[in-house]
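Note: the block below is work10.pdb and it holds PDB, C-alpha atoms.
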ATOM      1  CA  MET A 988     -23.290  12.609  13.708  1.00  0.00           C
ATOM      2  CA  ASN A 989     -21.665  13.509  10.389  1.00  0.00           C
ATOM      3  CA  PHE A 990     -20.436  11.071   7.728  1.00  0.00           C
ATOM      4  CA  THR A 991     -16.807  11.168   8.891  1.00  0.00           C
ATOM      5  CA  GLU A 992     -17.822  10.385  12.471  1.00  0.00           C
ATOM      6  CA  TRP A 993     -20.162   7.612  11.322  1.00  0.00           C
ATOM      7  CA  LEU A 994     -17.311   5.967   9.429  1.00  0.00           C
ATOM      8  CA  GLY A 995     -15.015   6.340  12.441  1.00  0.00           C
ATOM      9  CA  ILE A 996     -12.276   8.228  10.614  1.00  0.00           C
ATOM     10  CA  ARG A 997      -9.667   9.599  13.008  1.00  0.00           C
ATOM     11  CA  VAL A 998      -6.559  11.746  12.589  1.00  0.00           C
ATOM     12  CA  VAL A 999      -3.525   9.810  13.855  1.00  0.00           C
ATOM     13  CA  GLU A1000      -0.662  12.046  12.726  1.00  0.00           C
ATOM     14  CA  GLU A1001      -0.251  15.767  12.055  1.00  0.00           C
ATOM     15  CA  SER A1002       2.627  17.805  10.677  1.00  0.00           C
ATOM     16  CA  SER A1003       3.127  21.085   8.867  1.00  0.00           C
ATOM     17  CA  GLU A1004       3.066  19.175   5.569  1.00  0.00           C
ATOM     18  CA  GLY A1005      -0.061  17.067   6.042  1.00  0.00           C
ATOM     19  CA  VAL A1006      -1.921  14.486   8.091  1.00  0.00           C
ATOM     20  CA  ALA A1007      -2.554  10.770   8.357  1.00  0.00           C
ATOM     21  CA  ILE A1008      -5.962   9.301   9.070  1.00  0.00           C
ATOM     22  CA  GLU A1009      -7.104   5.791   9.888  1.00  0.00           C
ATOM     23  CA  ILE A1010     -10.305   3.840   9.863  1.00  0.00           C
ATOM     24  CA  ASP A1011     -11.037   0.511  11.495  1.00  0.00           C
ATOM     25  CA  THR A1012     -12.409  -1.716   8.786  1.00  0.00           C
ATOM     26  CA  ARG A1013     -15.759  -3.402   9.280  1.00  0.00           C
ATOM     27  CA  ASP A1014     -16.984  -6.560   7.584  1.00  0.00           C
ATOM     28  CA  PHE A1015     -19.514  -4.690   5.448  1.00  0.00           C
ATOM     29  CA  TYR A1016     -16.791  -2.399   4.012  1.00  0.00           C
ATOM     30  CA  PHE A1017     -15.428  -5.317   1.983  1.00  0.00           C
ATOM     31  CA  ASN A1018     -16.443  -6.633  -1.426  1.00  0.00           C
ATOM     32  CA  PRO A1019     -17.399 -10.319  -1.826  1.00  0.00           C
ATOM     33  CA  ASP A1020     -13.788 -11.079  -2.896  1.00  0.00           C
ATOM     34  CA  GLY A1021     -12.471  -9.704   0.429  1.00  0.00           C
ATOM     35  CA  SER A1022     -11.053  -6.418  -0.881  1.00  0.00           C
ATOM     36  CA  LEU A1023     -11.946  -3.082   0.680  1.00  0.00           C
ATOM     37  CA  HIS A1024     -14.584  -1.290  -1.394  1.00  0.00           C
ATOM     38  CA  GLY A1025     -13.070   1.259  -3.779  1.00  0.00           C
ATOM     39  CA  GLY A1026     -15.614   3.895  -2.794  1.00  0.00           C
ATOM     40  CA  LEU A1027     -14.374   3.765   0.781  1.00  0.00           C
ATOM     41  CA  ILE A1028     -10.785   4.156  -0.406  1.00  0.00           C
ATOM     42  CA  ALA A1029     -11.859   7.186  -2.475  1.00  0.00           C
ATOM     43  CA  THR A1030     -13.570   8.586   0.622  1.00  0.00           C
ATOM     44  CA  LEU A1031     -10.324   8.219   2.585  1.00  0.00           C
ATOM     45  CA  VAL A1032      -8.453  10.159  -0.119  1.00  0.00           C
ATOM     46  CA  ASP A1033     -11.054  12.924  -0.102  1.00  0.00           C
ATOM     47  CA  GLU A1034     -11.274  13.176   3.696  1.00  0.00           C
ATOM     48  CA  CYS A1035      -7.513  13.030   4.190  1.00  0.00           C
ATOM     49  CA  VAL A1036      -6.917  16.093   2.008  1.00  0.00           C
ATOM     50  CA  TRP A1037      -9.743  17.906   3.816  1.00  0.00           C
ATOM     51  CA  PHE A1038      -8.161  17.149   7.205  1.00  0.00           C
ATOM     52  CA  ALA A1039      -4.778  18.301   5.864  1.00  0.00           C
ATOM     53  CA  MET A1040      -6.340  21.598   4.796  1.00  0.00           C
ATOM     54  CA  GLU A1041      -7.959  22.062   8.182  1.00  0.00           C
ATOM     55  CA  ARG A1042      -5.135  20.880  10.444  1.00  0.00           C
ATOM     56  CA  SER A1043      -1.919  21.624   8.510  1.00  0.00           C
ATOM     57  CA  ALA A1044      -2.848  24.657   6.427  1.00  0.00           C
ATOM     58  CA  LYS A1045      -5.287  26.000   9.054  1.00  0.00           C
ATOM     59  CA  ILE A1046      -7.916  26.688   6.379  1.00  0.00           C
ATOM     60  CA  THR A1047     -11.209  27.541   8.053  1.00  0.00           C
ATOM     61  CA  ARG A1048     -13.195  28.574   4.966  1.00  0.00           C
ATOM     62  CA  SER A1049     -15.947  26.364   3.648  1.00  0.00           C
ATOM     63  CA  SER A1050     -14.799  24.139   0.803  1.00  0.00           C
ATOM     64  CA  THR A1051     -16.029  21.565  -1.658  1.00  0.00           C
ATOM     65  CA  THR A1052     -14.311  18.825  -3.643  1.00  0.00           C
ATOM     66  CA  VAL A1053     -13.954  19.752  -7.311  1.00  0.00           C
ATOM     67  CA  GLU A1054     -11.727  16.888  -8.460  1.00  0.00           C
ATOM     68  CA  LEU A1055     -10.883  13.451  -7.096  1.00  0.00           C
ATOM     69  CA  LYS A1056      -8.727  10.788  -8.729  1.00  0.00           C
ATOM     70  CA  VAL A1057      -7.705   7.444  -7.291  1.00  0.00           C
ATOM     71  CA  ASN A1058      -5.333   4.833  -8.703  1.00  0.00           C
ATOM     72  CA  TYR A1059      -5.915   1.429  -7.132  1.00  0.00           C
ATOM     73  CA  LEU A1060      -2.557  -0.367  -7.029  1.00  0.00           C
ATOM     74  CA  ARG A1061      -3.419  -3.562  -5.142  1.00  0.00           C
ATOM     75  CA  PRO A1062      -6.421  -4.865  -3.213  1.00  0.00           C
ATOM     76  CA  LEU A1063      -6.565  -3.822   0.422  1.00  0.00           C
ATOM     77  CA  LYS A1064      -7.347  -7.209   2.014  1.00  0.00           C
ATOM     78  CA  ASN A1065      -7.062  -8.907   5.401  1.00  0.00           C
ATOM     79  CA  SER A1066      -6.488  -5.647   7.231  1.00  0.00           C
ATOM     80  CA  THR A1067      -8.291  -4.366  10.303  1.00  0.00           C
ATOM     81  CA  VAL A1068      -7.132  -0.804   9.560  1.00  0.00           C
ATOM     82  CA  ALA A1069      -6.892   1.347   6.436  1.00  0.00           C
ATOM     83  CA  ARG A1070      -4.531   4.332   6.624  1.00  0.00           C
ATOM     84  CA  ALA A1071      -4.297   7.387   4.383  1.00  0.00           C
ATOM     85  CA  LYS A1072      -1.524   9.972   4.458  1.00  0.00           C
ATOM     86  CA  ALA A1073      -1.949  13.335   2.715  1.00  0.00           C
ATOM     87  CA  ARG A1074       0.509  15.999   1.714  1.00  0.00           C
ATOM     88  CA  LEU A1075      -0.701  19.360   0.464  1.00  0.00           C
ATOM     89  CA  VAL A1076       0.878  20.181  -2.886  1.00  0.00           C
ATOM     90  CA  LYS A1077      -0.548  23.634  -3.552  1.00  0.00           C
ATOM     91  CA  THR A1078      -2.755  25.971  -1.578  1.00  0.00           C
ATOM     92  CA  GLY A1079      -3.893  28.987  -3.534  1.00  0.00           C
ATOM     93  CA  ARG A1080      -6.497  31.691  -3.131  1.00  0.00           C
ATOM     94  CA  THR A1081      -9.355  29.527  -4.401  1.00  0.00           C
ATOM     95  CA  LEU A1082      -8.017  25.973  -4.809  1.00  0.00           C
ATOM     96  CA  CYS A1083      -6.134  23.524  -2.630  1.00  0.00           C
ATOM     97  CA  THR A1084      -4.647  20.265  -3.969  1.00  0.00           C
ATOM     98  CA  GLY A1085      -3.194  17.340  -2.068  1.00  0.00           C
ATOM     99  CA  THR A1086      -1.805  13.894  -2.772  1.00  0.00           C
ATOM    100  CA  VAL A1087      -2.621  10.824  -0.699  1.00  0.00           C
ATOM    101  CA  GLU A1088      -1.185   7.344  -0.175  1.00  0.00           C
ATOM    102  CA  VAL A1089      -3.521   4.643   1.150  1.00  0.00           C
ATOM    103  CA  SER A1090      -2.040   1.583   2.833  1.00  0.00           C
ATOM    104  CA  ASP A1091      -3.095  -1.449   4.842  1.00  0.00           C
ATOM    105  CA  GLU A1092      -2.149  -2.202   8.454  1.00  0.00           C
ATOM    106  CA  ARG A1093       1.171  -3.691   7.334  1.00  0.00           C
ATOM    107  CA  GLY A1094       2.105  -0.520   5.446  1.00  0.00           C
ATOM    108  CA  ALA A1095       1.622  -2.005   1.962  1.00  0.00           C
ATOM    109  CA  LEU A1096       0.722   0.745  -0.506  1.00  0.00           C
ATOM    110  CA  CYS A1097      -2.719  -0.042  -1.959  1.00  0.00           C
ATOM    111  CA  ALA A1098      -3.798   3.196  -3.668  1.00  0.00           C
ATOM    112  CA  ILE A1099      -2.670   6.709  -4.450  1.00  0.00           C
ATOM    113  CA  GLY A1100      -4.936   9.657  -5.014  1.00  0.00           C
ATOM    114  CA  ILE A1101      -5.181  13.355  -5.614  1.00  0.00           C
ATOM    115  CA  ALA A1102      -7.956  15.649  -4.465  1.00  0.00           C
ATOM    116  CA  THR A1103      -8.599  19.295  -5.240  1.00  0.00           C
ATOM    117  CA  TYR A1104     -10.890  21.466  -3.151  1.00  0.00           C
ATOM    118  CA  MET A1105     -12.424  24.816  -4.055  1.00  0.00           C
ATOM    119  CA  LEU A1106     -12.211  27.260  -1.169  1.00  0.00           C
ATOM    120  CA  LEU A1107     -15.542  29.047  -0.910  1.00  0.00           C
ATOM    121  CA  ASP A1108     -16.159  32.634   0.027  1.00  0.00           C
ATOM    122  CA  ASN A1109     -17.721  32.816   3.492  1.00  0.00           C
ATOM    123  CA  ARG A1110     -19.409  36.183   2.981  1.00  0.00           C
ATOM    124  CA  GLN A1111     -23.062  36.353   3.984  1.00  0.00           C
ATOM    125  CA  ASP A1112     -24.146  37.501   0.486  1.00  0.00           C
ATOM    126  CA  ASN A1113     -22.756  34.360  -1.176  1.00  0.00           C
ATOM    127  CA  PRO A1114     -25.709  32.046  -1.946  1.00  0.00           C
ATOM    128  CA  LEU A1115     -23.460  29.003  -1.523  1.00  0.00           C
ATOM    129  CA  THR A1116     -22.568  29.864   2.068  1.00  0.00           C
ATOM    130  CA  ALA A1117     -25.313  32.196   3.307  1.00  0.00           C
ATOM    131  CA  PRO A1118     -27.751  30.714   5.844  1.00  0.00           C
ATOM    132  CA  ALA A1119     -31.017  29.514   4.334  1.00  0.00           C
ATOM    133  CA  ALA A1120     -33.997  31.815   4.797  1.00  0.00           C
ATOM    134  CA  VAL A1121     -36.567  30.516   7.243  1.00  0.00           C
TER     135      VAL A1121
END
Please lay out the structure from this file as structure tokens.
Amino acid sequence: MNFTEWLGIRVVEESSEGVAIEIDTRDFYFNPDGSLHGGLIATLVDECVWFAMERSAKITRSSTTVELKVNYLRPLKNSTVARAKARLVKTGRTLCTGTVEVSDERGALCAIGIATYMLLDNRQDNPLTAPAAV
């Protein structure tokens, strides 16, 4: 099971411009004050752009996050679901950037973010993507 599966992130909407993902919130995702942990919100931003690259832009190359920025606008509280919606802004030869809006189950905007991924070369001679020697 990978991290995304463990968290229970699921794609709920797809279009040519981007995707929306959701996660059912669990009690231990919340801070003592009842707000959803900021690290989980940042994860939703990161994962949402990745899913948009995979599903909307049909990018199959390996990739890695090179920049992630999140602005927290209001606490995400009293919500059984957190939703993130990404739109790809620019897909180039080596970089892909997307913007994301994160909202609660009522649709209240709680955070906005931007994530940039580096698209890696999948050639066998690339030490970042070549299989490890056994």
What's the 8 Å shell around stretch 994-1001 of chain A, counting only C-alpha atoms, without same-chain residues fewer than 3 positions away, as a PyMOL selection string? chain A and resi 990-991+1005-1011+1038+1042-1043
Which of these residues is nearest to A:Asp1033, using only C-alpha atoms: A:Asp1108, A:Thr1078, A:Val1068, A:Val1053? A:Val1053
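The residues caught by the PyMOL selection byres ((chain A and resi 1040) around 10) in this file are Glu1004, Gly1005, Val1006, Glu1034, Cys1035, Val1036, Trp1037, Phe1038, Ala1039, Glu1041, Arg1042, Ser1043, Ala1044, Lys1045, Ile1046, Thr1047, Arg1048, Ser1050, Ala1073, Arg1074, Leu1075, Thr1078, Cys1083, Thr1084, Gly1085 and Tyr1104 of chain A.
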Pick from A:Leu1063, A:Val1089, A:Ala1095, A:Leu1082, whichever lies nearest to A:Val1032 using all atoms listed in the file: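 So, comparing all the options, the nearest one is A:Val1089.
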Quick one: residues within 9 Å of A:Ser1090, all atoms listed in the file counted, chain neighbours fewer than 6 positions away excluded, as a PyMOL selection string? chain A and resi 1063+1068-1072+1096-1099
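Pairwise distance (atom CA of A:Thr1051, atom CA of A:Asn1018) equals 28.2 Å.
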Pick from A:Ala1102, A:Leu1107, A:Met988, A:Ile1028: nearest to A:Leu1060, with all atoms listed in the file counted?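 Residue with the minimum atom-to-atom distance to A:Leu1060: A:Ile1028.
The nearest approach to A:Leu1023 among the residues A:Ser1049, A:Asn989, A:Ser1003, A:Thr1067, with all atoms listed in the file taken into account, belongs to A:Thr1067.
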Could you state the separation of atom CA of A:Pro1062 and atom CA of A:Thr1030 in Å, given to one decimal place?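 If I compute the distance from atom CA of A:Pro1062 to atom CA of A:Thr1030, I get 15.7 Å.
Taking atom CA of A:Thr1103 and atom CA of A:Tyr1016 as endpoints, the distance between them is 25.0 Å.
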Box in all listed atoms of stretch 1093-1109 of chain A, axis-aligned, with 3 Å more on each side; write out centre and edge lengths in Å to one decimal as lines of an AutoDock Vina configuration file.
center_x = -7.8
center_y = 14.6
center_z = 0.9
size_x = 25.8
size_y = 42.5
size_z = 18.9
Selection dump of the PyMOL selection byres ((chain A and resi 1056) around 6), as number ranges by chain: A: 1055, 1057, 1100-1101
